[in-house]
Amino acid sequence: MPDVAVPDVATPDVATVLAGFARTLRAAGVPVTPDRTTAFLTAAAEVGAADRAGVYWAGRATLCGDPDHLRLYDLAFDDWFGGRRPRPRGADAPTPLPPSTMASLESDSGRSGDPEDLDDDPVRAAASATEVLRHRDVADLDEGGRAQMRRLLAELDVQMPSRRSARRRSSARGELDVRRTLREELRRGGEPGPLRYRRAGRRPRRVVWLVDVSGSMAPYADVLLRLAHAQVRAGVGQGRSRVEVFTVGTRLTRVTPSFAHRDVERALRAAGEQVPDWSGGTRLGETLAAFVERWGRRGVARGAVVVICSDGWERGDPAQLGEQVHQLHRLAHRLVWVNPHRGKEGYQPVQGGMAAVLPYVDDFVAGHSVASYARLMEVVAGA
């Protein structure tokens, strides 16, 4: 049974209860992303929060992405909403609905089927508000919006990219493992035994974040560093961190040691005390040259996924910036460039810096909203 919180039966906010169930399911081990949570809230709004069976199947269809998740889902649903889970529609006998949180959901939802009531549906309103927030430019958010944005960022599915390992592991299928097969036959005194197989394993690939902290990137640098911290924690979760984080502007600063803090706020405060050029100018060409010389060629960038977060507004020589990115591209497995203006209407990468680096960029992605950050983490994980 997963360790989950007891629901607040008296809570008046239906969306809060349903979102709490999504968080509980995530705590139980199901990778519930913000997109899936939004889909769940939207589906629950469609079927009606008072429909217990509808909520069950809406959550099962939207929150579970693998057959292995179904058992955890059923346990979490029973634990959160109480009692037995509803039977499928059309079952022989209806499932009794025990007193539970759904009682409060029914009283709070109050849907009568009148289309006018849809505008007052808190679930639909919350889903819509969340969806709008996911696509808003983080530079335009007030303090309340940024707080909500940080909660959505904390729910992003952050995974490490992987590479094939030279070490082979036992497997049910794959290439024939001759040694193990022969040992098995020797153990049986020469009698034929089952064939043994093996296949290449997977190991986390190194990730390097280079975050521009110059003045033009001030509205986005904090968010991008939070993503880098989440990547560090994902690396730690797989045994040991293979993530390096640097800030660039007028100087190159390695902040990886500060990001060893589990708490993101402490990590950012510690990094802020290290960075001397916060909200300063931009000399990307020089700082990337320093990174390539001091770290890149010495192994940090070799075979790694390098993520450069910058708007490319270079005050130095764009040709030097292009040359350094070319060097990084030759060292790295894949080079991802994150530009906050990439996803904005009318933007064209015609500035000198961006025009110089684009020929050497494998993935040129947006970085201005939660939705774009979710896409960025998918690109990094799949690199």
# chains A, B, ... in the order shown; residues from 1 in each chain; ligands from 1
$ residues_around --residues "A:Arg262" --least-positions-apart "6" --cutoff "10 Å" --atoms "only C-alpha atoms" --output "list of chain:residue names"
A:His229, A:Ala230, A:Val232, A:Arg233, A:Val236
$ write_last_selection --atoms "all heavy atoms" --output "PDB file, in the first residue's frame"
ATOM      1  N   HIS A 229      18.839  22.109 -11.911  1.00  0.00           N
ATOM      2  CA  HIS A 229      18.858  21.448 -10.606  1.00  0.00           C
ATOM      3  C   HIS A 229      18.036  20.161 -10.638  1.00  0.00           C
ATOM      4  O   HIS A 229      18.447  19.127 -10.076  1.00  0.00           O
ATOM      5  CB  HIS A 229      18.309  22.402  -9.537  1.00  0.00           C
ATOM      6  CG  HIS A 229      18.288  21.809  -8.165  1.00  0.00           C
ATOM      7  ND1 HIS A 229      17.169  21.178  -7.649  1.00  0.00           N
ATOM      8  CD2 HIS A 229      19.244  21.735  -7.195  1.00  0.00           C
ATOM      9  CE1 HIS A 229      17.442  20.755  -6.427  1.00  0.00           C
ATOM     10  NE2 HIS A 229      18.686  21.078  -6.125  1.00  0.00           N
ATOM     11  N   ALA A 230      16.883  20.202 -11.286  1.00  0.00           N
ATOM     12  CA  ALA A 230      16.073  18.978 -11.404  1.00  0.00           C
ATOM     13  C   ALA A 230      16.829  17.896 -12.169  1.00  0.00           C
ATOM     14  O   ALA A 230      16.731  16.711 -11.842  1.00  0.00           O
ATOM     15  CB  ALA A 230      14.752  19.298 -12.106  1.00  0.00           C
ATOM     16  N   VAL A 232      20.101  17.563 -12.179  1.00  0.00           N
ATOM     17  CA  VAL A 232      21.108  17.058 -11.240  1.00  0.00           C
ATOM     18  C   VAL A 232      20.479  16.016 -10.316  1.00  0.00           C
ATOM     19  O   VAL A 232      21.048  14.940 -10.088  1.00  0.00           O
ATOM     20  CB  VAL A 232      21.719  18.212 -10.420  1.00  0.00           C
ATOM     21  CG1 VAL A 232      22.598  17.658  -9.300  1.00  0.00           C
ATOM     22  CG2 VAL A 232      22.533  19.125 -11.316  1.00  0.00           C
ATOM     23  N   ARG A 233      19.305  16.318  -9.789  1.00  0.00           N
ATOM     24  CA  ARG A 233      18.650  15.381  -8.875  1.00  0.00           C
ATOM     25  C   ARG A 233      18.263  14.084  -9.602  1.00  0.00           C
ATOM     26  O   ARG A 233      18.315  12.996  -9.025  1.00  0.00           O
ATOM     27  CB  ARG A 233      17.392  16.012  -8.256  1.00  0.00           C
ATOM     28  CG  ARG A 233      17.633  17.288  -7.470  1.00  0.00           C
ATOM     29  CD  ARG A 233      18.778  17.186  -6.487  1.00  0.00           C
ATOM     30  NE  ARG A 233      18.636  16.049  -5.573  1.00  0.00           N
ATOM     31  CZ  ARG A 233      19.574  15.660  -4.742  1.00  0.00           C
ATOM     32  NH1 ARG A 233      20.741  16.297  -4.721  1.00  0.00           N
ATOM     33  NH2 ARG A 233      19.381  14.626  -3.937  1.00  0.00           N
ATOM     34  N   VAL A 236      21.371  12.051  -9.710  1.00  0.00           N
ATOM     35  CA  VAL A 236      21.652  11.465  -8.398  1.00  0.00           C
ATOM     36  C   VAL A 236      20.726  10.275  -8.153  1.00  0.00           C
ATOM     37  O   VAL A 236      21.130   9.256  -7.582  1.00  0.00           O
ATOM     38  CB  VAL A 236      21.483  12.522  -7.288  1.00  0.00           C
ATOM     39  CG1 VAL A 236      21.570  11.882  -5.909  1.00  0.00           C
ATOM     40  CG2 VAL A 236      22.533  13.618  -7.445  1.00  0.00           C
TER      41      VAL A 236
END
$ residues_around --residues "A:Ala267" --least-positions-apart "5" --cutoff "6 Å" --atoms "only C-alpha atoms" --output "compact mmCIF listing (two decimals) with all heavy atoms, in the first residue's frame"
# COMPACT_ATOMS: atom_id res chain seq x y z
N SER A 258 27.20 23.72 -5.75
CA SER A 258 26.06 24.33 -5.06
C SER A 258 24.78 23.54 -5.31
O SER A 258 23.88 23.51 -4.46
CB SER A 258 25.86 25.77 -5.55
OG SER A 258 27.00 26.55 -5.26
N PHE A 259 24.69 22.89 -6.45
CA PHE A 259 23.48 22.16 -6.78
C PHE A 259 23.43 20.78 -6.12
O PHE A 259 22.54 19.99 -6.40
CB PHE A 259 23.35 22.02 -8.30
CG PHE A 259 22.79 23.24 -8.96
CD1 PHE A 259 22.93 24.49 -8.39
CD2 PHE A 259 22.09 23.16 -10.15
CE1 PHE A 259 22.41 25.62 -8.98
CE2 PHE A 259 21.56 24.28 -10.76
CZ PHE A 259 21.73 25.51 -10.17
N HIS A 261 22.80 20.53 -3.08
CA HIS A 261 21.70 20.66 -2.12
C HIS A 261 20.43 20.04 -2.72
O HIS A 261 20.07 20.32 -3.87
CB HIS A 261 21.43 22.13 -1.79
CG HIS A 261 22.51 22.76 -0.98
ND1 HIS A 261 22.80 22.36 0.31
CD2 HIS A 261 23.38 23.75 -1.27
CE1 HIS A 261 23.79 23.09 0.78
NE2 HIS A 261 24.17 23.93 -0.15
$ residues_around --residues "stretch 295-305 of chain A" --least-positions-apart "5" --cutoff "12 Å" --atoms "only C-alpha atoms" --output "PDB file with N, CA and C atoms, in the first residue's frame"
ATOM      1  N   MET A 160      17.221  11.214 -17.263  1.00  0.00           N
ATOM      2  CA  MET A 160      18.566  11.308 -17.823  1.00  0.00           C
ATOM      3  C   MET A 160      18.599  10.629 -19.197  1.00  0.00           C
ATOM      4  N   PRO A 161      19.310  11.211 -20.160  1.00  0.00           N
ATOM      5  CA  PRO A 161      19.531  10.470 -21.410  1.00  0.00           C
ATOM      6  C   PRO A 161      20.431   9.271 -21.134  1.00  0.00           C
ATOM      7  N   SER A 162      20.377   8.298 -21.978  1.00  0.00           N
ATOM      8  CA  SER A 162      21.163   7.082 -21.740  1.00  0.00           C
ATOM      9  C   SER A 162      21.940   6.708 -22.992  1.00  0.00           C
ATOM     10  N   ARG A 163      22.928   5.871 -22.805  1.00  0.00           N
ATOM     11  CA  ARG A 163      23.733   5.360 -23.917  1.00  0.00           C
ATOM     12  C   ARG A 163      23.964   3.868 -23.707  1.00  0.00           C
ATOM     13  N   ARG A 164      24.310   3.191 -24.785  1.00  0.00           N
ATOM     14  CA  ARG A 164      24.568   1.758 -24.683  1.00  0.00           C
ATOM     15  C   ARG A 164      25.839   1.516 -23.900  1.00  0.00           C
ATOM     16  N   PRO A 204      23.472   6.060 -17.846  1.00  0.00           N
ATOM     17  CA  PRO A 204      23.129   7.472 -18.015  1.00  0.00           C
ATOM     18  C   PRO A 204      24.224   8.215 -18.768  1.00  0.00           C
ATOM     19  N   ARG A 205      23.829   9.087 -19.665  1.00  0.00           N
ATOM     20  CA  ARG A 205      24.782   9.898 -20.411  1.00  0.00           C
ATOM     21  C   ARG A 205      24.996  11.223 -19.687  1.00  0.00           C
ATOM     22  N   ARG A 206      26.202  11.735 -19.731  1.00  0.00           N
ATOM     23  CA  ARG A 206      26.506  12.997 -19.070  1.00  0.00           C
ATOM     24  C   ARG A 206      25.722  14.147 -19.707  1.00  0.00           C
ATOM     25  N   VAL A 207      25.276  15.070 -18.876  1.00  0.00           N
ATOM     26  CA  VAL A 207      24.562  16.269 -19.339  1.00  0.00           C
ATOM     27  C   VAL A 207      25.285  17.499 -18.798  1.00  0.00           C
ATOM     28  N   VAL A 208      25.510  18.482 -19.653  1.00  0.00           N
ATOM     29  CA  VAL A 208      26.164  19.735 -19.263  1.00  0.00           C
ATOM     30  C   VAL A 208      25.223  20.890 -19.570  1.00  0.00           C
ATOM     31  N   TRP A 209      24.914  21.682 -18.544  1.00  0.00           N
ATOM     32  CA  TRP A 209      24.067  22.863 -18.706  1.00  0.00           C
ATOM     33  C   TRP A 209      24.942  24.105 -18.664  1.00  0.00           C
ATOM     34  N   LEU A 210      24.783  24.977 -19.647  1.00  0.00           N
ATOM     35  CA  LEU A 210      25.446  26.277 -19.681  1.00  0.00           C
ATOM     36  C   LEU A 210      24.343  27.321 -19.749  1.00  0.00           C
ATOM     37  N   GLN A 231      17.614  18.311 -13.173  1.00  0.00           N
ATOM     38  CA  GLN A 231      18.420  17.333 -13.918  1.00  0.00           C
ATOM     39  C   GLN A 231      19.493  16.731 -13.026  1.00  0.00           C
ATOM     40  N   ARG A 242      25.714  12.671 -13.145  1.00  0.00           N
ATOM     41  CA  ARG A 242      26.565  12.890 -14.309  1.00  0.00           C
ATOM     42  C   ARG A 242      26.151  14.192 -14.972  1.00  0.00           C
ATOM     43  N   VAL A 243      25.832  15.165 -14.134  1.00  0.00           N
ATOM     44  CA  VAL A 243      25.361  16.460 -14.626  1.00  0.00           C
ATOM     45  C   VAL A 243      26.289  17.557 -14.128  1.00  0.00           C
ATOM     46  N   GLU A 244      26.704  18.424 -15.023  1.00  0.00           N
ATOM     47  CA  GLU A 244      27.510  19.588 -14.677  1.00  0.00           C
ATOM     48  C   GLU A 244      26.725  20.843 -15.055  1.00  0.00           C
ATOM     49  N   VAL A 245      26.797  21.868 -14.199  1.00  0.00           N
ATOM     50  CA  VAL A 245      26.069  23.110 -14.446  1.00  0.00           C
ATOM     51  C   VAL A 245      27.042  24.284 -14.354  1.00  0.00           C
ATOM     52  N   PHE A 246      27.010  25.134 -15.374  1.00  0.00           N
ATOM     53  CA  PHE A 246      27.837  26.333 -15.414  1.00  0.00           C
ATOM     54  C   PHE A 246      26.940  27.525 -15.744  1.00  0.00           C
ATOM     55  N   LEU A 252      32.821  32.580 -16.772  1.00  0.00           N
ATOM     56  CA  LEU A 252      32.370  31.187 -16.655  1.00  0.00           C
ATOM     57  C   LEU A 252      32.446  30.779 -15.191  1.00  0.00           C
ATOM     58  N   THR A 253      31.327  30.294 -14.649  1.00  0.00           N
ATOM     59  CA  THR A 253      31.288  29.885 -13.244  1.00  0.00           C
ATOM     60  C   THR A 253      30.680  28.498 -13.140  1.00  0.00           C
ATOM     61  N   ARG A 254      31.404  27.601 -12.489  1.00  0.00           N
ATOM     62  CA  ARG A 254      30.881  26.245 -12.264  1.00  0.00           C
ATOM     63  C   ARG A 254      30.083  26.238 -10.962  1.00  0.00           C
ATOM     64  N   THR A 287      33.426  33.260 -22.965  1.00  0.00           N
ATOM     65  CA  THR A 287      33.140  32.317 -21.873  1.00  0.00           C
ATOM     66  C   THR A 287      33.044  30.877 -22.383  1.00  0.00           C
ATOM     67  N   LEU A 288      32.488  30.702 -23.585  1.00  0.00           N
ATOM     68  CA  LEU A 288      32.453  29.341 -24.135  1.00  0.00           C
ATOM     69  C   LEU A 288      33.855  28.869 -24.502  1.00  0.00           C
ATOM     70  N   ALA A 289      34.710  29.804 -24.941  1.00  0.00           N
ATOM     71  CA  ALA A 289      36.103  29.422 -25.205  1.00  0.00           C
ATOM     72  C   ALA A 289      36.775  28.948 -23.919  1.00  0.00           C
ATOM     73  N   ALA A 290      36.487  29.641 -22.800  1.00  0.00           N
ATOM     74  CA  ALA A 290      37.045  29.217 -21.516  1.00  0.00           C
ATOM     75  C   ALA A 290      36.522  27.848 -21.119  1.00  0.00           C
ATOM     76  N   GLN A 324      33.386  28.591 -31.286  1.00  0.00           N
ATOM     77  CA  GLN A 324      33.370  27.838 -30.036  1.00  0.00           C
ATOM     78  C   GLN A 324      32.215  26.832 -29.985  1.00  0.00           C
ATOM     79  N   VAL A 325      31.062  27.237 -30.512  1.00  0.00           N
ATOM     80  CA  VAL A 325      29.939  26.291 -30.558  1.00  0.00           C
ATOM     81  C   VAL A 325      30.265  25.141 -31.521  1.00  0.00           C
ATOM     82  N   GLN A 327      33.245  23.945 -31.942  1.00  0.00           N
ATOM     83  CA  GLN A 327      34.120  23.059 -31.161  1.00  0.00           C
ATOM     84  C   GLN A 327      33.288  22.184 -30.212  1.00  0.00           C
ATOM     85  N   LEU A 328      32.307  22.798 -29.553  1.00  0.00           N
ATOM     86  CA  LEU A 328      31.460  22.030 -28.631  1.00  0.00           C
ATOM     87  C   LEU A 328      30.681  20.954 -29.383  1.00  0.00           C
ATOM     88  N   HIS A 329      30.199  21.313 -30.554  1.00  0.00           N
ATOM     89  CA  HIS A 329      29.429  20.348 -31.346  1.00  0.00           C
ATOM     90  C   HIS A 329      30.275  19.135 -31.705  1.00  0.00           C
ATOM     91  N   ARG A 330      31.554  19.356 -31.944  1.00  0.00           N
ATOM     92  CA  ARG A 330      32.435  18.237 -32.277  1.00  0.00           C
ATOM     93  C   ARG A 330      32.726  17.357 -31.062  1.00  0.00           C
ATOM     94  N   LEU A 331      32.717  17.950 -29.881  1.00  0.00           N
ATOM     95  CA  LEU A 331      32.993  17.190 -28.664  1.00  0.00           C
ATOM     96  C   LEU A 331      31.751  16.450 -28.146  1.00  0.00           C
ATOM     97  N   ALA A 332      30.604  17.090 -28.267  1.00  0.00           N
ATOM     98  CA  ALA A 332      29.392  16.584 -27.611  1.00  0.00           C
ATOM     99  C   ALA A 332      28.713  15.510 -28.439  1.00  0.00           C
ATOM    100  N   HIS A 333      27.894  14.737 -27.741  1.00  0.00           N
ATOM    101  CA  HIS A 333      27.022  13.776 -28.441  1.00  0.00           C
ATOM    102  C   HIS A 333      25.900  14.526 -29.143  1.00  0.00           C
ATOM    103  N   ARG A 334      25.340  15.517 -28.461  1.00  0.00           N
ATOM    104  CA  ARG A 334      24.257  16.313 -29.030  1.00  0.00           C
ATOM    105  C   ARG A 334      24.281  17.695 -28.376  1.00  0.00           C
ATOM    106  N   LEU A 335      24.023  18.719 -29.186  1.00  0.00           N
ATOM    107  CA  LEU A 335      24.045  20.087 -28.667  1.00  0.00           C
ATOM    108  C   LEU A 335      22.643  20.683 -28.792  1.00  0.00           C
ATOM    109  N   VAL A 336      22.096  21.063 -27.649  1.00  0.00           N
ATOM    110  CA  VAL A 336      20.740  21.630 -27.581  1.00  0.00           C
ATOM    111  C   VAL A 336      20.868  23.110 -27.234  1.00  0.00           C
ATOM    112  N   TRP A 337      20.225  23.974 -28.010  1.00  0.00           N
ATOM    113  CA  TRP A 337      20.237  25.408 -27.718  1.00  0.00           C
ATOM    114  C   TRP A 337      18.824  25.822 -27.326  1.00  0.00           C
ATOM    115  N   VAL A 361      23.985  23.534 -34.176  1.00  0.00           N
ATOM    116  CA  VAL A 361      23.014  23.168 -33.141  1.00  0.00           C
ATOM    117  C   VAL A 361      22.168  22.007 -33.633  1.00  0.00           C
ATOM    118  N   ASP A 362      22.067  20.961 -32.805  1.00  0.00           N
ATOM    119  CA  ASP A 362      21.255  19.800 -33.181  1.00  0.00           C
ATOM    120  C   ASP A 362      19.776  20.042 -32.910  1.00  0.00           C
ATOM    121  N   ASP A 363      19.476  20.659 -31.771  1.00  0.00           N
ATOM    122  CA  ASP A 363      18.080  20.933 -31.407  1.00  0.00           C
ATOM    123  C   ASP A 363      17.969  22.383 -30.972  1.00  0.00           C
ATOM    124  N   MET A 377      12.795  19.073 -21.692  1.00  0.00           N
ATOM    125  CA  MET A 377      13.238  17.912 -20.935  1.00  0.00           C
ATOM    126  C   MET A 377      13.016  16.621 -21.720  1.00  0.00           C
ATOM    127  N   VAL A 379      13.364  16.478 -24.989  1.00  0.00           N
ATOM    128  CA  VAL A 379      14.464  16.476 -25.961  1.00  0.00           C
ATOM    129  C   VAL A 379      15.752  15.986 -25.299  1.00  0.00           C
ATOM    130  N   VAL A 380      16.030  16.467 -24.086  1.00  0.00           N
ATOM    131  CA  VAL A 380      17.251  16.063 -23.387  1.00  0.00           C
ATOM    132  C   VAL A 380      17.203  14.572 -23.052  1.00  0.00           C
ATOM    133  N   ALA A 381      16.064  14.105 -22.560  1.00  0.00           N
ATOM    134  CA  ALA A 381      15.957  12.687 -22.196  1.00  0.00           C
ATOM    135  C   ALA A 381      16.106  11.774 -23.399  1.00  0.00           C
ATOM    136  N   GLY A 382      15.646  12.242 -24.563  1.00  0.00           N
ATOM    137  CA  GLY A 382      15.710  11.400 -25.748  1.00  0.00           C
ATOM    138  C   GLY A 382      16.967  11.577 -26.576  1.00  0.00           C
ATOM    139  N   ALA A 383      17.871  12.434 -26.116  1.00  0.00           N
ATOM    140  CA  ALA A 383      19.079  12.723 -26.906  1.00  0.00           C
ATOM    141  C   ALA A 383      20.028  11.536 -26.921  1.00  0.00           C
TER     142      ALA A 383
END
$ residues_around --residues "A:Thr247" --least-positions-apart "5" --cutoff "12 Å" --atoms "only C-alpha atoms" --output "PyMOL selection string"
chain A and resi 208-214+217+221-222+224-225+228+252-256+268+271-272+274-280+282-284+287-288+290-291+307-310
$ atom_distance --atom1 "atom CA of A:Thr250" --atom2 "atom CA of A:Val365"
23.6 Å
$ closest_residue --among "A:Leu141, A:Ala260, A:Ala200, A:Leu186" --to "A:His368" --atoms "only C-alpha atoms"
A:Leu141
$ select_by_dssp --residues "stretch 196-331 of chain A" --states "strand (DSSP E or B)" --output "PyMOL selection string"
chain A and resi 197-204+207-212+214+243-248+253-254+280+305-309
$ write_last_selection --atoms "N, CA and C atoms" --output "PDB file, in the first residue's frame"
ATOM      1  N   TYR A 197      20.615 -15.871 -22.986  1.00  0.00           N
ATOM      2  CA  TYR A 197      20.781 -14.717 -23.869  1.00  0.00           C
ATOM      3  C   TYR A 197      21.334 -13.534 -23.059  1.00  0.00           C
ATOM      4  N   ARG A 198      21.818 -12.558 -23.786  1.00  0.00           N
ATOM      5  CA  ARG A 198      22.303 -11.335 -23.168  1.00  0.00           C
ATOM      6  C   ARG A 198      22.096 -10.186 -24.133  1.00  0.00           C
ATOM      7  N   ARG A 199      22.134  -8.982 -23.584  1.00  0.00           N
ATOM      8  CA  ARG A 199      22.022  -7.791 -24.412  1.00  0.00           C
ATOM      9  C   ARG A 199      22.750  -6.636 -23.726  1.00  0.00           C
ATOM     10  N   ALA A 200      23.064  -5.635 -24.526  1.00  0.00           N
ATOM     11  CA  ALA A 200      23.794  -4.487 -23.992  1.00  0.00           C
ATOM     12  C   ALA A 200      22.926  -3.722 -22.995  1.00  0.00           C
ATOM     13  N   GLY A 201      23.547  -3.277 -21.910  1.00  0.00           N
ATOM     14  CA  GLY A 201      22.826  -2.481 -20.933  1.00  0.00           C
ATOM     15  C   GLY A 201      22.823  -1.006 -21.319  1.00  0.00           C
ATOM     16  N   ARG A 202      22.207  -0.205 -20.501  1.00  0.00           N
ATOM     17  CA  ARG A 202      22.137   1.240 -20.729  1.00  0.00           C
ATOM     18  C   ARG A 202      22.736   1.957 -19.537  1.00  0.00           C
ATOM     19  N   ARG A 203      23.464   3.034 -19.772  1.00  0.00           N
ATOM     20  CA  ARG A 203      24.043   3.847 -18.712  1.00  0.00           C
ATOM     21  C   ARG A 203      23.631   5.295 -18.926  1.00  0.00           C
ATOM     22  N   PRO A 204      23.472   6.060 -17.846  1.00  0.00           N
ATOM     23  CA  PRO A 204      23.129   7.472 -18.015  1.00  0.00           C
ATOM     24  C   PRO A 204      24.224   8.215 -18.768  1.00  0.00           C
ATOM     25  N   VAL A 207      25.276  15.070 -18.876  1.00  0.00           N
ATOM     26  CA  VAL A 207      24.562  16.269 -19.339  1.00  0.00           C
ATOM     27  C   VAL A 207      25.285  17.499 -18.798  1.00  0.00           C
ATOM     28  N   VAL A 208      25.510  18.482 -19.653  1.00  0.00           N
ATOM     29  CA  VAL A 208      26.164  19.735 -19.263  1.00  0.00           C
ATOM     30  C   VAL A 208      25.223  20.890 -19.570  1.00  0.00           C
ATOM     31  N   TRP A 209      24.914  21.682 -18.544  1.00  0.00           N
ATOM     32  CA  TRP A 209      24.067  22.863 -18.706  1.00  0.00           C
ATOM     33  C   TRP A 209      24.942  24.105 -18.664  1.00  0.00           C
ATOM     34  N   LEU A 210      24.783  24.977 -19.647  1.00  0.00           N
ATOM     35  CA  LEU A 210      25.446  26.277 -19.681  1.00  0.00           C
ATOM     36  C   LEU A 210      24.343  27.321 -19.749  1.00  0.00           C
ATOM     37  N   VAL A 211      24.109  28.013 -18.636  1.00  0.00           N
ATOM     38  CA  VAL A 211      22.978  28.926 -18.529  1.00  0.00           C
ATOM     39  C   VAL A 211      23.483  30.360 -18.565  1.00  0.00           C
ATOM     40  N   ASP A 212      22.973  31.113 -19.524  1.00  0.00           N
ATOM     41  CA  ASP A 212      23.317  32.533 -19.682  1.00  0.00           C
ATOM     42  C   ASP A 212      22.613  33.340 -18.587  1.00  0.00           C
ATOM     43  N   SER A 214      23.131  36.725 -18.178  1.00  0.00           N
ATOM     44  CA  SER A 214      23.284  38.148 -18.502  1.00  0.00           C
ATOM     45  C   SER A 214      21.962  38.876 -18.304  1.00  0.00           C
ATOM     46  N   VAL A 243      25.832  15.165 -14.134  1.00  0.00           N
ATOM     47  CA  VAL A 243      25.361  16.460 -14.626  1.00  0.00           C
ATOM     48  C   VAL A 243      26.289  17.557 -14.128  1.00  0.00           C
ATOM     49  N   GLU A 244      26.704  18.424 -15.023  1.00  0.00           N
ATOM     50  CA  GLU A 244      27.510  19.588 -14.677  1.00  0.00           C
ATOM     51  C   GLU A 244      26.725  20.843 -15.055  1.00  0.00           C
ATOM     52  N   VAL A 245      26.797  21.868 -14.199  1.00  0.00           N
ATOM     53  CA  VAL A 245      26.069  23.110 -14.446  1.00  0.00           C
ATOM     54  C   VAL A 245      27.042  24.284 -14.354  1.00  0.00           C
ATOM     55  N   PHE A 246      27.010  25.134 -15.374  1.00  0.00           N
ATOM     56  CA  PHE A 246      27.837  26.333 -15.414  1.00  0.00           C
ATOM     57  C   PHE A 246      26.940  27.525 -15.744  1.00  0.00           C
ATOM     58  N   THR A 247      27.351  28.693 -15.267  1.00  0.00           N
ATOM     59  CA  THR A 247      26.707  29.931 -15.719  1.00  0.00           C
ATOM     60  C   THR A 247      27.691  30.660 -16.621  1.00  0.00           C
ATOM     61  N   VAL A 248      27.134  31.328 -17.628  1.00  0.00           N
ATOM     62  CA  VAL A 248      27.957  32.106 -18.556  1.00  0.00           C
ATOM     63  C   VAL A 248      27.335  33.486 -18.706  1.00  0.00           C
ATOM     64  N   THR A 253      31.327  30.294 -14.649  1.00  0.00           N
ATOM     65  CA  THR A 253      31.288  29.885 -13.244  1.00  0.00           C
ATOM     66  C   THR A 253      30.680  28.498 -13.140  1.00  0.00           C
ATOM     67  N   ARG A 254      31.404  27.601 -12.489  1.00  0.00           N
ATOM     68  CA  ARG A 254      30.881  26.245 -12.264  1.00  0.00           C
ATOM     69  C   ARG A 254      30.083  26.238 -10.962  1.00  0.00           C
ATOM     70  N   GLY A 280      24.655  40.811 -15.837  1.00  0.00           N
ATOM     71  CA  GLY A 280      25.667  41.676 -16.424  1.00  0.00           C
ATOM     72  C   GLY A 280      25.613  41.627 -17.939  1.00  0.00           C
ATOM     73  N   VAL A 305      25.460  15.390 -23.555  1.00  0.00           N
ATOM     74  CA  VAL A 305      24.403  16.241 -24.094  1.00  0.00           C
ATOM     75  C   VAL A 305      24.639  17.631 -23.519  1.00  0.00           C
ATOM     76  N   VAL A 306      25.001  18.581 -24.364  1.00  0.00           N
ATOM     77  CA  VAL A 306      25.299  19.943 -23.917  1.00  0.00           C
ATOM     78  C   VAL A 306      24.080  20.819 -24.183  1.00  0.00           C
ATOM     79  N   VAL A 307      23.582  21.453 -23.119  1.00  0.00           N
ATOM     80  CA  VAL A 307      22.404  22.308 -23.207  1.00  0.00           C
ATOM     81  C   VAL A 307      22.847  23.749 -22.964  1.00  0.00           C
ATOM     82  N   ILE A 308      22.770  24.589 -23.980  1.00  0.00           N
ATOM     83  CA  ILE A 308      23.120  26.008 -23.850  1.00  0.00           C
ATOM     84  C   ILE A 308      21.829  26.816 -23.818  1.00  0.00           C
ATOM     85  N   CYS A 309      21.639  27.564 -22.729  1.00  0.00           N
ATOM     86  CA  CYS A 309      20.426  28.364 -22.559  1.00  0.00           C
ATOM     87  C   CYS A 309      20.808  29.833 -22.732  1.00  0.00           C
TER      88      CYS A 309
END
$ atom_distance --atom1 "atom CA of A:Gln351" --atom2 "atom CA of A:Val338"
14.9 Å
$ residues_around --residues "A:Ala44" --least-positions-apart "6" --cutoff "10 Å" --atoms "only C-alpha atoms" --output "PDB file with C-alpha atoms, in the first residue's frame"
ATOM      1  CA  ALA A  15      -9.941  20.548  -8.340  1.00  0.00           C
ATOM      2  CA  LEU A  18      -8.501  15.657  -7.805  1.00  0.00           C
ATOM      3  CA  THR A  38      -4.328  18.507 -16.820  1.00  0.00           C
ATOM      4  CA  ALA A  50     -20.107  13.699  -8.920  1.00  0.00           C
ATOM      5  CA  ASP A  51     -19.768  10.614 -11.125  1.00  0.00           C
ATOM      6  CA  ARG A  52     -17.476   8.380  -9.063  1.00  0.00           C
ATOM      7  CA  GLY A  54     -16.550   8.473 -14.346  1.00  0.00           C
ATOM      8  CA  VAL A  55     -13.741   9.980 -12.282  1.00  0.00           C
ATOM      9  CA  TYR A  56     -12.226   6.518 -11.816  1.00  0.00           C
ATOM     10  CA  TRP A  57     -12.151   5.742 -15.529  1.00  0.00           C
ATOM     11  CA  ALA A  58     -11.144   9.280 -16.444  1.00  0.00           C
ATOM     12  CA  GLY A  59      -8.116   8.961 -14.172  1.00  0.00           C
ATOM     13  CA  THR A  62      -5.321   9.748 -18.497  1.00  0.00           C
ATOM     14  CA  VAL A 123     -12.645  21.456 -12.175  1.00  0.00           C
ATOM     15  CA  ARG A 124     -12.971  22.790 -15.685  1.00  0.00           C
ATOM     16  CA  ALA A 127      -7.924  22.766 -15.776  1.00  0.00           C
TER      17      ALA A 127
END
